[in-house]
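Asks: Data file my_file-v4.txt (compact mmCIF, C-alpha atoms) is appended below.
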# COMPACT_ATOMS: atom_id res chain seq x y z
CA MET A 123 -9.09 -30.06 6.93
CA PRO A 124 -7.71 -29.17 3.50
CA ASP A 125 -4.48 -27.22 3.53
CA ALA A 126 -3.73 -23.99 1.77
CA VAL A 127 -2.17 -24.37 -1.66
CA ASN A 128 1.28 -22.79 -1.81
CA ILE A 129 1.87 -21.60 -5.37
CA LYS A 130 5.68 -21.59 -5.21
CA ASP A 131 5.71 -25.09 -3.71
CA LYS A 132 3.61 -26.24 -6.64
CA PHE A 133 6.04 -24.70 -9.14
CA SER A 134 8.91 -26.60 -7.47
CA GLN A 135 7.25 -29.90 -8.40
CA PHE A 136 7.70 -29.79 -12.19
CA THR A 137 10.01 -28.42 -14.84
CA GLU A 138 8.30 -28.81 -18.22
CA HIS A 139 7.03 -25.86 -20.24
CA TRP A 140 3.54 -25.20 -21.62
CA GLN A 141 1.97 -28.03 -19.59
CA PRO A 142 -0.82 -26.61 -17.43
CA LYS A 143 -1.29 -28.07 -13.95
CA ARG A 144 -4.48 -27.68 -11.94
CA ILE A 145 -3.78 -26.60 -8.36
CA ALA A 146 -7.35 -25.78 -7.28
CA ARG A 147 -10.94 -25.68 -8.50
CA LEU A 148 -13.50 -22.94 -8.07
CA ASN A 149 -16.99 -24.06 -9.09
CA ASP A 150 -16.56 -25.18 -12.72
CA TYR A 151 -13.31 -23.23 -13.12
CA ASP A 152 -9.71 -24.38 -12.78
CA VAL A 153 -6.85 -22.57 -11.12
CA ARG A 154 -3.94 -23.67 -13.31
CA ILE A 155 -0.23 -22.93 -13.25
CA ALA A 156 2.35 -23.33 -15.99
CA LYS A 157 5.97 -22.60 -16.78
CA LEU A 158 6.39 -20.90 -20.13
CA GLU A 159 9.42 -20.33 -22.29
CA GLY A 160 9.46 -19.42 -25.96
CA GLU A 161 6.44 -18.81 -28.19
CA PHE A 162 3.06 -20.46 -28.07
CA VAL A 163 0.61 -20.77 -30.97
CA TRP A 164 -1.91 -18.14 -31.96
CA HIS A 165 -5.30 -19.20 -30.63
CA ALA A 166 -8.58 -17.97 -29.20
CA HIS A 167 -11.15 -19.30 -26.77
CA GLU A 168 -14.55 -18.83 -28.35
CA ASP A 169 -16.60 -19.42 -25.21
CA THR A 170 -14.62 -17.85 -22.41
CA ASP A 171 -12.33 -15.13 -21.16
CA GLU A 172 -8.97 -16.32 -19.85
CA MET A 173 -7.17 -14.76 -16.89
CA PHE A 174 -3.37 -14.63 -16.68
CA LEU A 175 -1.45 -13.69 -13.52
CA VAL A 176 2.34 -13.62 -13.67
CA ILE A 177 3.90 -15.23 -10.60
CA LYS A 178 7.55 -14.91 -11.70
CA GLY A 179 9.29 -13.40 -14.72
CA ASP A 180 7.77 -11.54 -17.63
CA LEU A 181 5.11 -12.54 -20.13
CA LYS A 182 4.19 -10.92 -23.41
CA ILE A 183 0.75 -11.61 -24.82
CA LEU A 184 0.64 -10.79 -28.52
CA LEU A 185 -2.72 -9.69 -29.87
CA ARG A 186 -3.58 -9.07 -33.51
CA ASP A 187 -3.67 -5.34 -32.82
CA GLY A 188 -0.88 -4.95 -30.29
CA GLU A 189 0.59 -6.63 -27.23
CA VAL A 190 0.32 -6.66 -23.46
CA ASN A 191 3.44 -6.91 -21.31
CA LEU A 192 3.01 -8.48 -17.90
CA SER A 193 5.48 -8.54 -15.03
CA GLU A 194 5.28 -10.32 -11.69
CA GLY A 195 2.06 -9.49 -9.85
CA GLU A 196 0.25 -8.33 -12.98
CA ILE A 197 -3.03 -9.60 -14.41
CA TYR A 198 -4.51 -9.55 -17.87
CA VAL A 199 -7.81 -11.06 -18.94
CA VAL A 200 -7.92 -12.04 -22.62
CA PRO A 201 -11.52 -11.54 -23.71
CA ARG A 202 -13.38 -14.46 -25.27
CA GLY A 203 -12.86 -14.78 -29.01
CA VAL A 204 -9.72 -12.63 -29.04
CA GLU A 205 -6.75 -14.21 -30.77
CA HIS A 206 -3.63 -14.18 -28.65
CA ARG A 207 -0.15 -15.65 -28.53
CA PRO A 208 1.77 -15.89 -25.24
CA VAL A 209 5.52 -15.34 -25.58
CA ALA A 210 8.15 -15.64 -22.83
CA ASP A 211 11.68 -14.65 -23.82
CA LYS A 212 12.93 -16.22 -20.58
CA GLU A 213 11.19 -18.73 -18.36
CA CYS A 214 8.07 -17.29 -16.80
CA HIS A 215 5.68 -18.73 -14.22
CA ILE A 216 2.00 -17.99 -14.58
CA MET A 217 -1.31 -18.74 -12.95
CA MET A 218 -4.40 -18.97 -15.15
CA ILE A 219 -8.06 -19.10 -14.26
CA GLU A 220 -10.50 -20.39 -16.83
CA PRO A 221 -13.35 -22.89 -17.11
CA SER A 222 -12.34 -26.51 -16.49
CA ASP A 223 -13.27 -27.46 -20.06
CA ALA A 224 -11.01 -24.79 -21.62
CA VAL A 225 -8.25 -26.24 -23.82
CA ASN A 226 -4.85 -24.51 -23.83
CA THR A 227 -4.80 -24.11 -27.62
CA GLY A 228 -8.45 -23.06 -27.84
CA THR A 229 -9.88 -23.39 -31.33
CA ALA A 230 -6.44 -23.68 -32.92
CA GLY A 231 -5.76 -27.23 -31.74
CA GLY A 232 -2.57 -28.86 -33.00
CA ASP A 233 0.37 -30.56 -31.34
CA ARG A 234 0.78 -27.94 -28.60
CA THR A 235 -2.56 -29.05 -27.13
CA ALA A 236 -1.94 -30.38 -23.62
CA SER A 237 -4.04 -32.19 -21.06
CA VAL A 238 -4.43 -30.48 -17.73
CA THR A 239 -3.13 -32.63 -14.89
CA ASP A 240 -3.72 -32.23 -11.16
CA LEU A 241 -0.79 -31.20 -9.02
CA MET B 252 -5.02 -1.69 -25.96
CA PRO B 253 -5.92 -2.40 -22.34
CA ASP B 254 -3.03 -2.42 -19.92
CA ALA B 255 -2.06 -5.10 -17.50
CA VAL B 256 -3.48 -4.68 -14.01
CA ASN B 257 -0.74 -4.30 -11.41
CA ILE B 258 -2.04 -5.72 -8.14
CA LYS B 259 0.32 -3.78 -5.85
CA ASP B 260 -0.48 -0.52 -7.65
CA LYS B 261 -4.15 -1.18 -7.01
CA PHE B 262 -3.49 -1.76 -3.29
CA SER B 263 -1.72 1.61 -3.11
CA GLN B 264 -4.94 3.36 -4.10
CA PHE B 265 -7.01 2.75 -0.97
CA THR B 266 -6.62 2.23 2.76
CA GLU B 267 -9.94 1.02 4.13
CA HIS B 268 -10.50 -2.49 5.44
CA TRP B 269 -13.10 -5.07 4.41
CA GLN B 270 -14.17 -3.07 1.33
CA PRO B 271 -13.77 -5.25 -1.76
CA LYS B 272 -12.56 -3.56 -4.96
CA ARG B 273 -13.02 -5.10 -8.40
CA ILE B 274 -9.80 -4.95 -10.43
CA ALA B 275 -10.82 -7.21 -13.33
CA ARG B 276 -13.66 -9.34 -14.66
CA LEU B 277 -13.53 -12.85 -16.04
CA ASN B 278 -16.80 -13.87 -17.69
CA ASP B 279 -19.39 -13.42 -14.92
CA TYR B 280 -16.75 -13.52 -12.19
CA ASP B 281 -14.96 -10.68 -10.41
CA VAL B 282 -11.32 -10.43 -9.48
CA ARG B 283 -11.52 -8.49 -6.23
CA ILE B 284 -8.91 -7.24 -3.79
CA ALA B 285 -9.32 -6.14 -0.19
CA LYS B 286 -7.30 -5.08 2.82
CA LEU B 287 -8.32 -6.97 5.93
CA GLU B 288 -7.60 -6.35 9.60
CA GLY B 289 -9.43 -7.84 12.55
CA GLU B 290 -12.31 -10.29 12.45
CA PHE B 291 -15.08 -10.58 9.90
CA VAL B 292 -18.52 -12.14 10.46
CA TRP B 293 -19.32 -15.82 10.15
CA HIS B 294 -21.00 -16.36 6.81
CA ALA B 295 -21.43 -18.76 3.91
CA HIS B 296 -22.09 -18.44 0.18
CA GLU B 297 -24.86 -20.86 -0.68
CA ASP B 298 -24.38 -20.77 -4.44
CA THR B 299 -20.67 -20.54 -4.98
CA ASP B 300 -17.17 -21.44 -3.94
CA GLU B 301 -14.94 -18.48 -3.03
CA MET B 302 -11.23 -18.31 -3.81
CA PHE B 303 -8.77 -16.47 -1.55
CA LEU B 304 -5.17 -15.68 -2.52
CA VAL B 305 -2.99 -13.85 -0.01
CA ILE B 306 -0.93 -11.10 -1.65
CA LYS B 307 0.68 -9.76 1.54
CA GLY B 308 0.58 -10.75 5.20
CA ASP B 309 -1.22 -13.66 6.80
CA LEU B 310 -4.88 -14.66 6.81
CA LYS B 311 -6.66 -17.13 9.00
CA ILE B 312 -9.95 -18.56 7.76
CA LEU B 313 -11.92 -20.04 10.64
CA LEU B 314 -14.21 -22.91 9.74
CA ARG B 315 -16.70 -24.59 12.06
CA ASP B 316 -14.45 -27.66 12.22
CA GLY B 317 -11.02 -26.07 12.14
CA GLU B 318 -9.05 -23.31 10.46
CA VAL B 319 -6.86 -22.67 7.44
CA ASN B 320 -3.77 -20.47 7.75
CA LEU B 321 -2.67 -18.67 4.60
CA SER B 322 0.57 -16.82 4.00
CA GLU B 323 1.66 -14.76 1.01
CA GLY B 324 1.32 -16.70 -2.22
CA GLU B 325 -1.13 -19.21 -0.79
CA ILE B 326 -4.61 -20.07 -2.04
CA TYR B 327 -7.65 -21.54 -0.37
CA VAL B 328 -11.03 -22.14 -1.93
CA VAL B 329 -13.90 -22.10 0.56
CA PRO B 330 -16.48 -24.56 -0.79
CA ARG B 331 -20.01 -23.35 -1.39
CA GLY B 332 -22.21 -23.55 1.68
CA VAL B 333 -19.33 -23.79 4.13
CA GLU B 334 -19.44 -21.31 6.99
CA HIS B 335 -16.23 -19.35 7.36
CA ARG B 336 -14.83 -16.34 9.18
CA PRO B 337 -11.77 -14.52 7.87
CA VAL B 338 -9.47 -13.17 10.59
CA ALA B 339 -6.34 -11.05 10.12
CA ASP B 340 -4.37 -10.31 13.30
CA LYS B 341 -2.37 -7.72 11.34
CA GLU B 342 -3.27 -6.03 8.06
CA CYS B 343 -3.41 -8.50 5.23
CA HIS B 344 -3.92 -7.97 1.49
CA ILE B 345 -5.95 -10.52 -0.40
CA MET B 346 -7.28 -11.23 -3.86
CA MET B 347 -10.60 -13.03 -4.20
CA ILE B 348 -12.27 -14.58 -7.20
CA GLU B 349 -15.98 -15.22 -7.08
CA PRO B 350 -19.11 -14.61 -9.15
CA SER B 351 -19.93 -10.94 -9.70
CA ASP B 352 -23.21 -11.31 -7.79
CA ALA B 353 -21.52 -12.72 -4.67
CA VAL B 354 -21.99 -10.56 -1.56
CA ASN B 355 -19.13 -10.31 0.93
CA THR B 356 -21.28 -11.37 3.89
CA GLY B 357 -23.05 -14.13 1.96
CA THR B 358 -26.25 -15.28 3.61
CA ALA B 359 -25.38 -13.61 6.92
CA GLY B 360 -26.00 -10.03 5.75
CA GLY B 361 -25.75 -7.32 8.38
CA ASP B 362 -23.79 -4.10 8.67
CA ARG B 363 -20.52 -5.55 7.38
CA THR B 364 -22.12 -6.00 3.96
CA ALA B 365 -20.21 -3.85 1.45
CA SER B 366 -20.75 -2.89 -2.16
CA VAL B 367 -18.02 -3.86 -4.57
CA THR B 368 -16.54 -0.85 -6.31
CA ASP B 369 -14.35 -0.73 -9.41
CA LEU B 370 -10.75 0.31 -8.96
Show how you would write the structure in this file as structure tokens.
Replies:
Amino acid sequence: MPDAVNIKDKFSQFTEHWQPKRIARLNDYDVRIAKLEGEFVWHAHEDTDEMFLVIKGDLKILLRDGEVNLSEGEIYVVPRGVEHRPVADKECHIMMIEPSDAVNTGTAGGDRTASVTDL
Amino acid sequence: MPDAVNIKDKFSQFTEHWQPKRIARLNDYDVRIAKLEGEFVWHAHEDTDEMFLVIKGDLKILLRDGEVNLSEGEIYVVPRGVEHRPVADKECHIMMIEPSDAVNTGTAGGDRTASVTDL
């Protein structure tokens, strides 16, 4: 019998920033968590929307034409093809849902690209 | 500029049980919330996994070979084809992610089948 996945327990198991961890799968989608602090790179995902849910702290998602501010318990879905840049002034914990083949830096690539590891 | 979706705000907007509300879309998936109390029907989804996240309260998911107990902040993904029966002894608030064409009663049908409405 598989157990429930406790999100806060999972966050207690790592400290690094901008390194997505897969905590569950749903069909061909991943449920990923990450700790964020600072600014990420501008990027877009050409083939998929990307869902963000803030578990702890505050997250700003910069868009080319504005920004979205997310607090704990808030969701935003970045539409496919839309350039965005996540920014966390202080450490923030997020859950993301996106296809298992989605890369964190999207079409931008570069040295912030991270493998998704199971947790 | 679309706003963030605040999950608790959305829960404040309805009272009925077992009536899924769509609060966001992610590709061809829905992000749905529902208030549960009591027992649901045994059912399965033949074509998809179904993700449950408890936002408030406790949820039991009965399976034919056991049960999964979920508290606030816990996730369980019911695999496709697996019969399950959600049970909430007291009112429980959940978020579900599943394909937009998924029906709440799956292949069981019957009078507990509910349309998904946007909220």
Asks: Which neighbours of Ala210 of chain A fall inside 9 Å, counting all atoms listed in the file, when residues of the same chain fewer than 3 positions from it are skipped, and could you give them as a VMD selection string?
Replies: chain A and resid 158 to 162 179 to 183 213 to 214
Asks: Do a neighbour search on Val256 of chain B at 12 Å with all atoms listed in the file, toss out local chain neighbours closer than 3 positions, and write the hits as a list in words.
Replies: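 After dropping sequence-adjacent residues, the list is Met173, Phe174, Leu175, Val176, Val190, Asn191, Leu192, Ser193, Glu194, Gly195, Glu196, Ile197, Tyr198 and Val199 of chain A; Pro253, Lys259, Asp260, Lys261, Phe262, Arg273, Ile274, Ala275, Arg276, Val282, Arg283, Ile284 and Leu370 of chain B.
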Asks: So how far away is atom CA of His335 of chain B from atom CA of Asp223 of chain A, in Å?
Replies: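 Answer for the atom CA of Asp223 of chain A to atom CA of His335 of chain B separation: 28.7 Å.
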Asks: Pick out the residues sitting within 9 Å of Leu314 of chain B, and hand them over as an MDAnalysis selection string; count all atoms listed in the file, and ignore anything fewer than 3 positions along from it in its own chain.
Replies: chainID B and resid 293 317:319 333:337
Asks: Using Å and a single decimal, report how far atom CA of Pro330 of chain B sits from atom CA of Asp300 of chain B.
Replies: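 It comes out at 4.5 Å.
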Asks: Between B:Ala285, B:Ile348, B:Glu297, B:Glu267, single out the one closest to chain A, counting all atoms listed in the file.
Replies: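 Selected residue with least distance to chain A: B:Ile348.
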Asks: Tell me, in Å to one decimal, how far atom CA of Ala224 of chain A is from atom CA of Gly332 of chain B.
Replies: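 So the answer is 25.9 Å.
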Asks: Compare B:Ile306, B:Gln264, B:His294, B:Lys272 by their minimum atom-to-atom distance to chain A, counting only C-alpha atoms, and give me the closest one.
Replies: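 Checking each candidate against chain A, we get B:Ile306 as the closest.
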Asks: May I have the protein, DNA and RNA residues with an atom at most 6 Å from (-10.7, -22.7, -14.4), counting only C-alpha atoms in the file's coordinates, returned as a count of residues only?
Replies: 7
Asks: From the set A:Lys212, A:Met218, A:Gln141, A:Thr235, which residue has the shortest atom-to-atom contact distance to chain B, counting only C-alpha atoms?
Replies: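 With only C-alpha atoms as the atom set, the closest residue is A:Met218.
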Asks: Which residue gives the smallest distance to Val200 of chain A among A:Asn226, A:Thr170, A:Ser134, A:Asn149, with only C-alpha atoms counted?
Replies: A:Thr170
Asks: Produce the centre coordinates and the three edge lengths, each in Å to one decimal, of the box along x, y and z that contains all listed atoms of segment 305-320 of chain B with 6 Å added on each side, as lines of an AutoDock Vina configuration file.
Replies:
center_x = -8.0
center_y = -18.7
center_z = 5.3
size_x = 29.4
size_y = 29.9
size_z = 25.9
